[in-house]
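Participant: Got a file for you: structure-v6.tsv, TSV, C-alpha atoms.
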```
chain	number	residue	atom	x	y	z
A	1	MET	CA	-40.51	-25.22	1.81
A	2	PRO	CA	-39.38	-28.84	2.19
A	3	THR	CA	-36.71	-29.09	4.85
A	4	LEU	CA	-33.16	-28.54	3.60
A	5	SER	CA	-30.61	-30.21	5.81
A	6	LEU	CA	-26.86	-30.58	6.02
A	7	ALA	CA	-27.30	-34.23	5.01
A	8	HIS	CA	-28.91	-33.15	1.71
A	9	ILE	CA	-26.00	-30.82	0.96
A	10	GLU	CA	-23.46	-33.50	1.87
A	11	HIS	CA	-25.22	-35.85	-0.55
A	12	ALA	CA	-25.06	-33.17	-3.24
A	13	GLN	CA	-21.32	-32.86	-2.64
A	14	GLN	CA	-20.93	-36.58	-3.32
A	15	VAL	CA	-23.02	-36.34	-6.49
A	16	LEU	CA	-21.02	-33.35	-7.74
A	17	ASN	CA	-17.63	-34.88	-6.94
A	18	GLY	CA	-15.71	-34.98	-10.22
A	19	ARG	CA	-18.43	-33.08	-12.06
A	20	ILE	CA	-17.61	-29.60	-10.80
A	21	ILE	CA	-14.42	-27.91	-9.63
A	22	ARG	CA	-13.61	-27.69	-5.93
A	23	THR	CA	-12.61	-24.05	-6.12
A	24	PRO	CA	-9.72	-22.66	-4.07
A	25	LEU	CA	-10.08	-20.78	-0.80
A	26	ILE	CA	-7.15	-18.36	-0.64
A	27	TYR	CA	-5.88	-16.01	2.03
A	28	SER	CA	-5.35	-12.39	0.98
A	29	PRO	CA	-2.60	-10.55	2.87
A	30	THR	CA	-3.47	-7.35	0.97
A	31	PHE	CA	-7.16	-7.24	1.88
A	32	SER	CA	-6.34	-8.39	5.39
A	33	ARG	CA	-4.04	-5.41	5.87
A	34	MET	CA	-6.62	-3.07	4.39
A	35	THR	CA	-9.46	-4.24	6.64
A	36	GLY	CA	-7.77	-5.44	9.83
A	37	ALA	CA	-9.41	-8.87	9.47
A	38	GLN	CA	-8.11	-12.17	8.13
A	39	VAL	CA	-9.68	-12.18	4.68
A	40	PHE	CA	-10.12	-15.30	2.57
A	41	LEU	CA	-11.52	-15.47	-0.97
A	42	LYS	CA	-13.64	-18.39	-2.18
A	43	LEU	CA	-12.96	-18.17	-5.92
A	44	GLU	CA	-16.10	-19.44	-7.62
A	45	ASN	CA	-15.11	-17.37	-10.64
A	46	LEU	CA	-12.79	-20.32	-11.36
A	47	GLN	CA	-15.74	-22.74	-11.42
A	48	LYS	CA	-16.88	-24.39	-14.66
A	49	THR	CA	-18.63	-21.76	-16.82
A	50	GLY	CA	-17.03	-19.13	-14.59
A	51	SER	CA	-19.72	-19.13	-11.90
A	52	PHE	CA	-21.13	-20.99	-8.89
A	53	LYS	CA	-24.27	-21.63	-10.94
A	54	SER	CA	-22.77	-24.81	-12.39
A	55	ARG	CA	-23.16	-26.47	-9.00
A	56	GLY	CA	-26.93	-26.11	-8.69
A	57	ALA	CA	-27.63	-26.72	-12.37
A	58	THR	CA	-25.52	-29.87	-12.49
A	59	TYR	CA	-27.01	-31.28	-9.28
A	60	LYS	CA	-30.55	-30.53	-10.48
A	61	ILE	CA	-30.11	-32.28	-13.82
A	62	ILE	CA	-28.20	-35.28	-12.47
A	63	SER	CA	-30.59	-35.88	-9.56
A	64	ARG	CA	-33.69	-35.47	-11.73
A	65	LEU	CA	-32.42	-37.15	-14.88
A	66	PRO	CA	-35.03	-39.97	-14.87
A	67	GLU	CA	-37.82	-37.34	-14.79
A	68	ILE	CA	-36.48	-35.17	-17.63
A	69	GLY	CA	-37.99	-36.06	-20.98
A	70	SER	CA	-36.55	-35.93	-24.49
A	71	ARG	CA	-37.46	-32.24	-24.81
A	72	GLY	CA	-34.75	-31.48	-22.30
A	73	VAL	CA	-34.64	-28.47	-20.02
A	74	VAL	CA	-35.75	-24.85	-20.09
A	75	ALA	CA	-34.21	-22.08	-18.00
A	76	ALA	CA	-34.22	-18.30	-17.63
A	77	SER	CA	-31.17	-16.28	-16.69
A	78	ALA	CA	-29.14	-13.12	-17.32
A	79	GLY	CA	-26.17	-15.32	-18.06
A	80	ASN	CA	-24.54	-17.40	-15.34
A	81	HIS	CA	-27.41	-19.80	-14.66
A	82	ALA	CA	-27.90	-19.98	-18.41
A	83	GLN	CA	-24.36	-21.18	-18.93
A	84	GLY	CA	-24.53	-23.60	-16.01
A	85	VAL	CA	-27.72	-25.20	-17.31
A	86	ALA	CA	-26.47	-25.32	-20.91
A	87	LEU	CA	-23.24	-27.09	-19.92
A	88	ALA	CA	-24.93	-29.52	-17.51
A	89	ALA	CA	-27.55	-30.37	-20.14
A	90	ARG	CA	-24.90	-30.96	-22.79
A	91	GLN	CA	-22.98	-33.25	-20.45
A	92	ALA	CA	-26.22	-35.19	-19.89
A	93	SER	CA	-26.93	-35.25	-23.66
A	94	LEU	CA	-30.06	-33.15	-23.25
A	95	PRO	CA	-31.27	-30.14	-25.27
A	96	ALA	CA	-31.44	-26.83	-23.38
A	97	THR	CA	-33.52	-23.76	-24.19
A	98	ILE	CA	-32.45	-20.63	-22.33
A	99	VAL	CA	-34.54	-17.45	-22.08
A	100	MET	CA	-32.44	-14.36	-21.40
A	101	PRO	CA	-33.63	-10.79	-20.80
A	102	GLU	CA	-33.23	-8.34	-23.67
A	103	TRP	CA	-30.37	-6.58	-21.88
A	104	ALA	CA	-28.30	-9.73	-21.26
A	105	SER	CA	-24.68	-9.16	-22.20
A	106	ILE	CA	-23.55	-10.36	-25.62
A	107	THR	CA	-20.62	-12.12	-23.98
A	108	LYS	CA	-22.94	-14.22	-21.82
A	109	GLN	CA	-25.32	-14.89	-24.71
A	110	GLU	CA	-22.51	-16.23	-26.86
A	111	ALA	CA	-21.04	-18.25	-24.01
A	112	THR	CA	-24.43	-19.89	-23.45
A	113	ARG	CA	-24.67	-20.78	-27.13
A	114	GLY	CA	-21.12	-22.09	-26.95
A	115	TYR	CA	-22.16	-24.55	-24.24
A	116	GLY	CA	-24.93	-25.83	-26.51
A	117	GLY	CA	-27.92	-23.81	-25.31
A	118	GLN	CA	-30.57	-22.39	-27.62
A	119	VAL	CA	-30.88	-18.73	-26.57
A	120	ILE	CA	-34.14	-16.77	-26.76
A	121	LEU	CA	-34.12	-13.08	-25.81
A	122	ARG	CA	-37.37	-12.14	-24.08
A	123	GLY	CA	-38.29	-9.80	-21.21
A	124	GLU	CA	-37.07	-6.59	-19.60
A	125	SER	CA	-36.36	-8.31	-16.28
A	126	ILE	CA	-35.39	-11.72	-14.96
A	127	ASN	CA	-38.94	-12.21	-13.72
A	128	GLU	CA	-40.35	-11.56	-17.21
A	129	SER	CA	-37.84	-14.00	-18.72
A	130	ILE	CA	-38.84	-16.62	-16.14
A	131	GLY	CA	-42.49	-16.12	-17.05
A	132	TYR	CA	-41.81	-16.79	-20.72
A	133	ALA	CA	-39.62	-19.80	-19.91
A	134	LEU	CA	-42.45	-21.29	-17.85
A	135	GLU	CA	-44.74	-20.95	-20.88
A	136	LEU	CA	-42.17	-22.78	-23.03
A	137	ALA	CA	-41.87	-25.52	-20.41
A	138	LYS	CA	-45.57	-26.31	-20.85
A	139	GLU	CA	-44.60	-27.79	-24.23
A	140	GLY	CA	-42.74	-30.57	-22.47
A	141	GLY	CA	-39.40	-29.27	-21.27
A	142	THR	CA	-38.36	-29.40	-17.62
A	143	PHE	CA	-38.05	-25.92	-16.16
A	144	ILE	CA	-34.98	-25.21	-14.04
A	145	HIS	CA	-35.48	-22.12	-11.91
A	146	PRO	CA	-32.34	-20.02	-11.36
A	147	TYR	CA	-32.76	-19.73	-7.58
A	148	ASP	CA	-36.24	-20.69	-6.25
A	149	ASP	CA	-35.68	-24.46	-6.40
A	150	LEU	CA	-34.68	-26.87	-3.63
A	151	ASP	CA	-32.20	-28.81	-5.78
A	152	ILE	CA	-30.56	-25.60	-6.96
A	153	ILE	CA	-30.25	-24.35	-3.37
A	154	THR	CA	-28.82	-27.71	-2.30
A	155	GLY	CA	-26.18	-27.68	-5.02
A	156	GLN	CA	-25.11	-24.13	-4.19
A	157	GLY	CA	-24.86	-25.12	-0.53
A	158	THR	CA	-21.82	-27.27	-1.31
A	159	ILE	CA	-19.81	-24.03	-1.32
A	160	GLY	CA	-20.57	-23.65	2.38
A	161	LEU	CA	-19.40	-27.22	2.99
A	162	GLU	CA	-16.12	-26.61	1.19
A	163	ILE	CA	-15.47	-23.39	3.11
A	164	LEU	CA	-15.97	-24.99	6.53
A	165	GLN	CA	-14.05	-28.13	5.55
A	166	GLU	CA	-11.02	-25.99	4.73
A	167	LEU	CA	-11.50	-23.23	7.30
A	168	PRO	CA	-13.44	-24.80	10.20
A	169	ASP	CA	-12.95	-21.77	12.47
A	170	ALA	CA	-14.26	-19.18	10.01
A	171	ASP	CA	-16.02	-16.32	11.79
A	172	ALA	CA	-18.12	-14.89	8.95
A	173	ILE	CA	-19.05	-15.43	5.31
A	174	LEU	CA	-20.15	-12.63	2.96
A	175	VAL	CA	-22.27	-13.83	0.04
A	176	PRO	CA	-23.75	-12.06	-3.02
A	177	VAL	CA	-27.56	-12.10	-3.07
A	178	GLY	CA	-29.83	-11.93	-6.08
A	179	GLY	CA	-32.70	-14.39	-5.86
A	180	GLY	CA	-31.24	-15.92	-2.70
A	181	GLY	CA	-30.41	-19.48	-3.76
A	182	LEU	CA	-26.69	-19.15	-3.12
A	183	ILE	CA	-26.91	-17.65	0.36
A	184	SER	CA	-29.72	-20.03	1.39
A	185	GLY	CA	-27.56	-23.04	0.59
A	186	ILE	CA	-24.36	-21.62	2.08
A	187	ALA	CA	-26.09	-20.42	5.28
A	188	THR	CA	-27.78	-23.80	5.78
A	189	ALA	CA	-24.50	-25.68	5.53
A	190	ALA	CA	-22.42	-23.17	7.48
A	191	LYS	CA	-24.82	-22.73	10.40
A	192	ALA	CA	-25.30	-26.51	10.73
A	193	ILE	CA	-21.55	-27.07	10.99
A	194	ARG	CA	-20.65	-23.95	13.00
A	195	PRO	CA	-23.74	-22.33	14.60
A	196	GLN	CA	-21.85	-19.25	15.80
A	197	ILE	CA	-20.65	-18.25	12.33
A	198	LYS	CA	-22.06	-15.02	10.90
A	199	VAL	CA	-23.49	-15.05	7.36
A	200	PHE	CA	-24.17	-11.75	5.60
A	201	GLY	CA	-25.73	-11.22	2.20
A	202	VAL	CA	-24.63	-8.36	-0.06
A	203	GLN	CA	-26.74	-6.69	-2.74
A	204	ALA	CA	-26.30	-3.83	-5.15
A	205	ALA	CA	-28.19	-0.77	-3.85
A	206	ALA	CA	-29.60	-0.44	-7.38
A	207	CYS	CA	-31.77	-3.54	-6.80
A	208	PRO	CA	-32.33	-4.04	-3.05
A	209	SER	CA	-34.97	-6.79	-3.12
A	210	ALA	CA	-33.42	-9.01	-0.41
A	211	TYR	CA	-32.45	-6.01	1.72
A	212	ARG	CA	-35.98	-4.63	1.78
A	213	ALA	CA	-37.55	-8.06	2.27
A	214	PHE	CA	-35.24	-8.71	5.22
A	215	LYS	CA	-36.18	-5.35	6.77
A	216	LEU	CA	-39.92	-5.67	6.16
A	217	GLY	CA	-40.28	-9.39	6.90
A	218	ARG	CA	-41.89	-10.22	3.54
A	219	THR	CA	-40.92	-10.55	-0.10
A	220	LEU	CA	-41.82	-7.73	-2.45
A	221	LEU	CA	-41.16	-6.52	-5.97
A	222	VAL	CA	-38.76	-3.57	-6.01
A	223	ASP	CA	-37.91	-1.00	-8.62
A	224	ALA	CA	-34.39	-1.48	-9.94
A	225	ALA	CA	-31.87	0.77	-11.63
A	226	LYS	CA	-29.28	-0.49	-14.08
A	227	SER	CA	-26.31	-2.07	-12.30
A	228	ILE	CA	-22.91	-3.45	-13.24
A	229	ALA	CA	-23.85	-6.26	-10.85
A	230	ASP	CA	-26.43	-7.52	-13.36
A	231	GLY	CA	-26.10	-11.12	-12.16
A	232	ILE	CA	-27.85	-10.21	-8.88
A	233	ALA	CA	-30.33	-7.69	-10.30
A	234	VAL	CA	-33.37	-9.74	-9.21
A	235	LYS	CA	-36.42	-7.63	-8.34
A	236	ARG	CA	-38.04	-10.16	-5.99
A	237	ILE	CA	-36.20	-12.64	-3.80
A	238	GLY	CA	-37.22	-16.30	-4.06
A	239	GLU	CA	-40.17	-17.49	-1.99
A	240	LEU	CA	-38.37	-20.71	-1.01
A	241	ASN	CA	-35.24	-18.81	-0.06
A	242	PHE	CA	-36.72	-16.07	2.05
A	243	PRO	CA	-37.64	-18.19	5.12
A	244	VAL	CA	-34.11	-19.63	5.14
A	245	ILE	CA	-32.62	-16.14	4.94
A	246	GLN	CA	-34.86	-14.92	7.76
A	247	GLU	CA	-33.80	-17.81	9.98
A	248	LYS	CA	-30.12	-18.21	9.16
A	249	VAL	CA	-28.74	-14.95	7.71
A	250	ASP	CA	-27.44	-12.26	10.06
A	251	GLY	CA	-27.99	-9.28	7.80
A	252	ILE	CA	-28.20	-7.95	4.24
A	253	LEU	CA	-25.76	-5.21	3.19
A	254	LEU	CA	-25.95	-2.77	0.29
A	255	VAL	CA	-23.13	-1.44	-1.89
A	256	GLU	CA	-23.16	1.37	-4.44
A	257	GLU	CA	-22.11	1.16	-8.08
A	258	ASP	CA	-18.84	3.06	-7.59
A	259	GLN	CA	-17.93	0.74	-4.71
A	260	ILE	CA	-18.55	-2.31	-6.89
A	261	ALA	CA	-16.41	-0.90	-9.71
A	262	ALA	CA	-13.63	-0.04	-7.27
A	263	ALA	CA	-13.69	-3.58	-5.85
A	264	MET	CA	-13.48	-5.09	-9.35
A	265	LEU	CA	-10.41	-3.01	-10.16
A	266	LEU	CA	-8.75	-3.66	-6.80
A	267	LEU	CA	-9.28	-7.42	-7.05
A	268	LEU	CA	-7.85	-7.43	-10.55
A	269	GLU	CA	-4.81	-5.35	-9.63
A	270	ARG	CA	-3.96	-6.84	-6.24
A	271	LYS	CA	-4.90	-10.50	-6.71
A	272	LYS	CA	-4.92	-10.77	-10.52
A	273	VAL	CA	-8.47	-12.11	-10.23
A	274	LEU	CA	-11.08	-11.02	-12.77
A	275	ALA	CA	-14.57	-11.07	-11.28
A	276	GLU	CA	-17.89	-9.66	-12.44
A	277	GLY	CA	-19.81	-6.99	-10.59
A	278	ALA	CA	-22.13	-9.48	-8.90
A	279	GLY	CA	-19.12	-11.52	-7.83
A	280	VAL	CA	-17.25	-8.74	-6.03
A	281	VAL	CA	-20.02	-7.21	-3.91
A	282	PRO	CA	-18.74	-9.02	-0.77
A	283	LEU	CA	-15.34	-7.35	-1.24
A	284	ALA	CA	-17.02	-3.99	-1.84
A	285	ALA	CA	-18.94	-4.36	1.43
A	286	MET	CA	-15.84	-5.47	3.32
A	287	LEU	CA	-13.78	-2.53	2.10
A	288	ASN	CA	-16.51	-0.07	3.02
A	289	ASP	CA	-17.12	-1.37	6.56
A	290	SER	CA	-20.71	-2.31	5.76
A	291	ALA	CA	-20.89	-5.08	8.36
A	292	ALA	CA	-20.06	-5.37	12.05
A	293	LEU	CA	-17.41	-8.07	11.69
A	294	PRO	CA	-14.99	-9.49	14.27
A	295	GLY	CA	-11.90	-7.24	14.42
A	296	ASN	CA	-9.28	-9.88	13.63
A	297	GLY	CA	-11.74	-12.55	12.60
A	298	LYS	CA	-11.49	-14.96	9.70
A	299	ILE	CA	-13.80	-13.57	7.03
A	300	VAL	CA	-14.63	-15.45	3.82
A	301	LEU	CA	-15.74	-13.50	0.77
A	302	VAL	CA	-17.56	-15.58	-1.85
A	303	ILE	CA	-16.37	-14.31	-5.24
A	304	SER	CA	-19.29	-15.86	-7.03
A	305	GLY	CA	-18.50	-15.36	-10.71
A	306	GLY	CA	-16.11	-14.02	-13.30
A	307	ASN	CA	-18.21	-13.63	-16.45
A	308	VAL	CA	-17.69	-9.97	-17.26
A	309	ASP	CA	-17.86	-8.30	-20.67
A	310	SER	CA	-14.44	-7.36	-22.01
A	311	PRO	CA	-15.53	-3.80	-22.99
A	312	LEU	CA	-16.90	-3.30	-19.47
A	313	VAL	CA	-13.57	-4.35	-17.98
A	314	GLY	CA	-11.85	-1.62	-19.98
A	315	ARG	CA	-14.33	1.03	-18.85
A	316	ILE	CA	-14.08	0.01	-15.22
A	317	ILE	CA	-10.30	0.09	-15.29
A	318	ARG	CA	-10.23	3.57	-16.84
A	319	GLN	CA	-12.90	4.89	-14.50
A	320	GLY	CA	-11.05	3.47	-11.52
A	321	LEU	CA	-7.73	4.95	-12.60
A	322	PHE	CA	-9.33	8.38	-13.02
A	323	ARG	CA	-11.02	8.11	-9.64
A	324	ASP	CA	-7.75	7.12	-7.94
A	325	GLY	CA	-5.86	9.98	-9.56
A	326	ARG	CA	-3.73	7.72	-11.71
A	327	LEU	CA	-4.97	9.20	-14.95
A	328	MET	CA	-5.15	12.93	-15.69
A	329	ARG	CA	-7.03	14.26	-18.68
A	330	PHE	CA	-6.97	17.94	-19.53
A	331	ALA	CA	-6.93	20.41	-22.40
A	332	VAL	CA	-4.81	23.47	-23.17
A	333	LEU	CA	-4.59	26.11	-25.89
A	334	LEU	CA	-1.17	26.68	-27.42
A	335	ASP	CA	0.19	29.42	-29.63
A	336	ASP	CA	0.38	27.85	-33.06
A	337	VAL	CA	4.12	28.24	-33.49
A	338	PRO	CA	6.92	25.68	-33.87
A	339	GLY	CA	8.00	24.18	-30.56
A	340	SER	CA	4.82	24.89	-28.56
A	341	LEU	CA	3.78	21.24	-28.33
A	342	ALA	CA	7.34	20.09	-27.64
A	343	ARG	CA	7.67	22.51	-24.72
A	344	ILE	CA	4.59	21.28	-22.87
A	345	LEU	CA	5.50	17.63	-23.48
A	346	THR	CA	9.00	18.28	-22.13
A	347	LEU	CA	7.55	19.83	-18.99
A	348	ILE	CA	5.28	16.80	-18.48
A	349	ALA	CA	8.23	14.44	-19.01
A	350	GLU	CA	10.24	16.35	-16.39
A	351	GLN	CA	7.46	15.57	-13.91
A	352	LYS	CA	7.86	11.83	-14.67
A	353	ALA	CA	4.34	11.49	-16.07
A	354	ASN	CA	3.67	9.23	-19.03
A	355	VAL	CA	1.68	10.59	-21.98
A	356	LEU	CA	-0.95	8.04	-23.08
A	357	HIS	CA	-2.97	10.03	-25.61
A	358	ILE	CA	-2.72	13.34	-27.49
A	359	ASP	CA	-5.32	15.04	-29.66
A	360	HIS	CA	-3.84	18.09	-31.41
A	361	THR	CA	-6.04	20.20	-33.69
A	362	ARG	CA	-6.06	23.67	-35.24
A	363	ILE	CA	-9.71	23.54	-36.31
A	364	GLY	CA	-12.63	24.62	-34.12
A	365	ARG	CA	-15.79	26.65	-34.50
A	366	SER	CA	-14.60	29.53	-32.28
A	367	MET	CA	-10.85	28.98	-32.27
A	368	PRO	CA	-8.60	31.89	-33.29
A	369	ILE	CA	-6.46	31.30	-36.37
A	370	ASN	CA	-3.22	31.47	-34.40
A	371	VAL	CA	-4.14	28.90	-31.71
A	372	SER	CA	-4.11	25.12	-31.55
A	373	ARG	CA	-6.01	22.98	-29.09
A	374	VAL	CA	-4.31	20.03	-27.35
A	375	GLU	CA	-6.05	17.42	-25.24
A	376	LEU	CA	-3.76	15.21	-23.20
A	377	GLU	CA	-4.27	12.05	-21.19
A	378	ILE	CA	-1.34	11.20	-18.94
A	379	GLU	CA	-0.54	8.45	-16.47
A	380	THR	CA	0.22	9.69	-12.96
A	381	ARG	CA	1.11	8.25	-9.56
A	382	GLY	CA	-1.87	9.70	-7.71
A	383	PRO	CA	-3.68	12.90	-6.67
A	384	GLY	CA	-0.51	14.44	-5.23
A	385	HIS	CA	1.31	13.92	-8.51
A	386	ILE	CA	-1.58	15.54	-10.39
A	387	ARG	CA	-1.38	18.58	-8.13
A	388	ASP	CA	2.37	18.87	-8.72
A	389	ILE	CA	1.91	18.67	-12.51
A	390	SER	CA	-0.90	21.22	-12.44
A	391	GLU	CA	1.18	23.64	-10.39
A	392	LYS	CA	4.19	23.29	-12.72
A	393	LEU	CA	2.03	23.86	-15.81
A	394	GLU	CA	0.36	26.92	-14.31
A	395	ALA	CA	3.71	28.31	-13.13
A	396	ALA	CA	4.96	27.96	-16.70
A	397	GLY	CA	2.03	30.04	-17.97
A	398	TYR	CA	-0.38	27.34	-19.10
A	399	ARG	CA	-4.08	27.51	-18.30
A	400	ILE	CA	-5.52	24.07	-17.72
A	401	PHE	CA	-9.06	23.06	-18.65
A	402	ASP	CA	-10.60	19.85	-17.27
A	403	ASP	CA	-11.87	18.92	-20.72
A	404	ALA	CA	-12.42	20.27	-24.20
A	405	PHE	CA	-15.95	21.47	-23.34
A	406	ASP	CA	-14.69	23.72	-20.57
A	407	LEU	CA	-12.03	24.98	-22.93
A	408	MET	CA	-14.50	25.80	-25.71
A	409	ALA	CA	-16.89	27.42	-23.22
A	410	SER	CA	-14.12	29.84	-22.29
A	411	GLY	CA	-14.45	31.34	-25.75
A	412	CYS	CA	-11.06	30.22	-27.02
A	413	ASN	CA	-10.17	33.88	-27.35
A	414	GLN	CA	-6.69	33.76	-25.97
A	415	SER	CA	-3.56	31.69	-25.87
A	416	ILE	CA	-3.07	30.20	-22.44
A	417	ARG	CA	0.69	30.46	-22.53
A	418	ASP	CA	2.55	33.75	-22.46
A	419	ASN	CA	4.52	34.43	-25.59
A	420	ASP	CA	8.13	33.34	-25.22
```
Let me see whether you can do it: turn the structure in this file into structure tokens.
Facilitator:
Amino acid sequence: MPTLSLAHIEHAQQVLNGRIIRTPLIYSPTFSRMTGAQVFLKLENLQKTGSFKSRGATYKIISRLPEIGSRGVVAASAGNHAQGVALAARQASLPATIVMPEWASITKQEATRGYGGQVILRGESINESIGYALELAKEGGTFIHPYDDLDIITGQGTIGLEILQELPDADAILVPVGGGGLISGIATAAKAIRPQIKVFGVQAAACPSAYRAFKLGRTLLVDAAKSIADGIAVKRIGELNFPVIQEKVDGILLVEEDQIAAAMLLLLERKKVLAEGAGVVPLAAMLNDSAALPGNGKIVLVISGGNVDSPLVGRIIRQGLFRDGRLMRFAVLLDDVPGSLARILTLIAEQKANVLHIDHTRIGRSMPINVSRVELEIETRGPGHIRDISEKLEAAGYRIFDDAFDLMASGCNQSIRDND
């Protein structure tokens, strides 16, 4: 790999000045209290196109503009690099063809088209999409790799410059890792300015390509499961990036899917910051003590992107509320007489729980004629509140089922409330 130096990244910062957003670095009292460290968030989700990828793409196109022909640029990406390239190409008045894997989110596809890119869906993985994009580039377009490219790495490294310019005594930086371009650039800048700083990469356990490469000392293709951190679901780390990671990165951490979802919800609730799964993995690692970090040290979490599907946000919020005991969903059988529904709703109201959804039916394959089935979803304060509600319902004669399937499996052969 050609040598990447601090001087190259400083030059990239000058080139990008006015072309990208210098994103804020904010202190989080909440996460600091939760972890015992001084936690800062580098909010690249506020970058143009909602991701750090605009930095590398813009620097690549601007610095190589004389070499790019009339056929423009070709790229492959699950979404964020796609949008960064499409916008940078449009600003340079160049056509952009973007190959995205078949599973790329509709939101990111449409955003890429909105920035002027021509989207082609091809491949079951990022690597397959890259392969097809390289074939297209043979027709005359300039291929822009999402991570295994010196200019891309250099552009992403400007994040490290900004962090150390604003927080020169930072003790550690946690960075999402997919193909490795982001952490290679950040680590190069950060270690050159402050050699004692710790830099950790974070990956989804569903696709641990950098983690395994770091452990084994060589790149390899890994099997990957589906992950909500799709932006870093890269099955093989970049060949240019790996030597930099070996030399300058202090460790690679893994986080599970439920930890990523919990971090997304917590960031949204506590800081009002919407970030995608790939963008919150540093927070997930920090909250789960995945790294040996200085006790009261200044820790920077790179929140790398905010391009998340709206339907996914809704599912993550609901899942998180259920997991935290702030939603309770259950089913009961009631005697089909006037007042039965009102009585149970009154009892729930007395416990200061808020009813969000009711499904009340008298029809079922094995339901007795004199029984109605009620499924309720209620908002609660936490697990303790759920226990209190459950105890009050059971004391009043109600039998609670976790869901309608458990209820139907019971045979539906009795009312679960004693006759009044």
Participant: Provide the atom CA of Asn354 of chain A to atom CA of Gly320 of chain A distance in Å, to one decimal place.
Facilitator: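 About the pair atom CA of Asn354 of chain A and atom CA of Gly320 of chain A: they are 17.5 Å apart.
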Participant: Quick one: which segment 92-161 of chain A residues come within 7 Å of segment 71-76 of chain A, and what is the nearest atom pair for each with the distance in Å to one decimal, counting all atoms listed in the file, rows ordered by chain and ascending number, as a tab-separated table?
Facilitator:
```
residue	atom	partner	partner_atom	distance
A:Leu94	CA	A:Gly72	CA	5.1
A:Pro95	CA	A:Gly72	CA	4.8
A:Ala96	CA	A:Val73	CA	4.9
A:Thr97	CA	A:Val74	CA	4.8
A:Ile98	CA	A:Ala75	CA	4.9
A:Val99	CA	A:Ala76	CA	4.5
A:Met100	CA	A:Ala76	CA	5.7
A:Ser129	CA	A:Ala76	CA	5.7
A:Ile130	CA	A:Ala76	CA	5.1
A:Ala133	CA	A:Ala76	CA	6.1
A:Ala137	CA	A:Val74	CA	6.2
A:Gly140	CA	A:Arg71	CA	6.0
A:Gly141	CA	A:Val73	CA	5.0
A:Thr142	CA	A:Val73	CA	4.5
A:Phe143	CA	A:Val74	CA	4.7
A:Ile144	CA	A:Ala75	CA	5.1
A:His145	CA	A:Ala75	CA	6.2
A:Pro146	CA	A:Ala76	CA	6.8
```
Participant: Would you pick out the contacts of Val199 of chain A at 6 Å or less, using all atoms listed in the file, so that residues sharing its chain but fewer than 6 positions from it are not included, and give the list as a tab-separated table (two decimals) with C-alpha atoms, keeping the file's coordinate frame?
Facilitator:
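That gives us part33.tsv:
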```
chain	number	residue	atom	x	y	z
A	172	ALA	CA	-18.12	-14.89	8.95
A	173	ILE	CA	-19.05	-15.43	5.31
A	249	VAL	CA	-28.74	-14.95	7.71
A	250	ASP	CA	-27.44	-12.26	10.06
```
Participant: Restricting the calculation to all atoms listed in the file: of A:Asn45, A:Gln351, A:Gln196, A:Gln259, which residue gets closest to Glu379 of chain A?
Facilitator: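 Closest candidate: A:Gln351.
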Participant: Find the distance between atom CA of Pro24 of chain A and atom CA of Ser105 of chain A and write it in Å to one decimal.
Facilitator: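 Between these atoms lies a distance of 27.1 Å.
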Participant: Distance atom CA of Ala353 of chain A-atom CA of Arg373 of chain A, one decimal place?
Facilitator: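 Spanning atom CA of Ala353 of chain A to atom CA of Arg373 of chain A is a straight-line distance of 20.2 Å.
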Participant: Counting only C-alpha atoms, which residues sit no farther than 6 Å from the position (-2.9, 25.9, -20.3) in the file's frame? I'd like them as a list in words.
Facilitator: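 Final list of nearby residues, as requested, is Val332, Leu333, Tyr398, Arg399, Ile400 and Ile416 of chain A.
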Participant: Which polymer residues have any atom within 10 Å of an atom of Ile344 of chain A, counting only C-alpha atoms, with same-chain residues fewer than 3 positions away left out, as a ChimeraX atom specification?
Facilitator: /A:332,334,339-341,347-350,393,396,398,417
Participant: Excluding segment 106-115 of chain A and its own-chain neighbours fewer than 6 positions away, which residues fall within 10 Å of it when counting only C-alpha atoms? Please give them as a VMD selection string.
Facilitator: chain A and resid 49 77 to 91 96 to 100 121 307 to 311
Participant: Mind checking which residues fall within 9 Å of Leu254 of chain A, counting all atoms listed in the file, ignoring those fewer than 5 positions away in the same chain, and posting them as a list in words?
Facilitator: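 Here the qualifying residues turn out to be Gly201, Val202, Gln203, Ala204, Ala205, Ala206, Pro208, Tyr211, Val281, Ala285 and Ser290 of chain A.
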Participant: So, with only C-alpha atoms as the atoms that count, which of A:Gly155, A:Pro29, A:Gly305, A:Gly123 lies closest to Ile61 of chain A?
Facilitator: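 Result for the nearest residue to Ile61 of chain A: A:Gly155.
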Participant: Which residues are near segment 176-188 of chain A? Cut-off 8 Å, all atoms listed in the file, ignore same chain within fewer than 5 positions. Put them as a PyMOL selection string.
Facilitator: chain A and resi 4-6+9+146-149+152-161+199+201-203+209-210+231-234+236-238+241-242+244-245+248-249+278-282+302+304
Participant: With distances taken over all atoms listed in the file, which residue among A:Gly217, A:Pro383, A:Pro168, A:Gly397 lies nearest Arg194 of chain A?
Facilitator: A:Pro168
Participant: With distances taken over all atoms listed in the file, which of A:Ala57, A:Gln165, A:Asp171, A:Gly117 is nearest to Lys298 of chain A?
Facilitator: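 Ranked by minimum distance to Lys298 of chain A, first place goes to A:Asp171.
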Participant: Kindly list the centre and edge lengths in Å, rounded to one decimal, for the axis-aligned box that covers all listed atoms of segment 124-128 of chain A plus 8 Å on each of its six sides, as AutoDock Vina command-line options.
Facilitator:
```
--center_x -37.9 --center_y -9.4 --center_z -16.7 --size_x 21.0 --size_y 21.6 --size_z 21.9
```
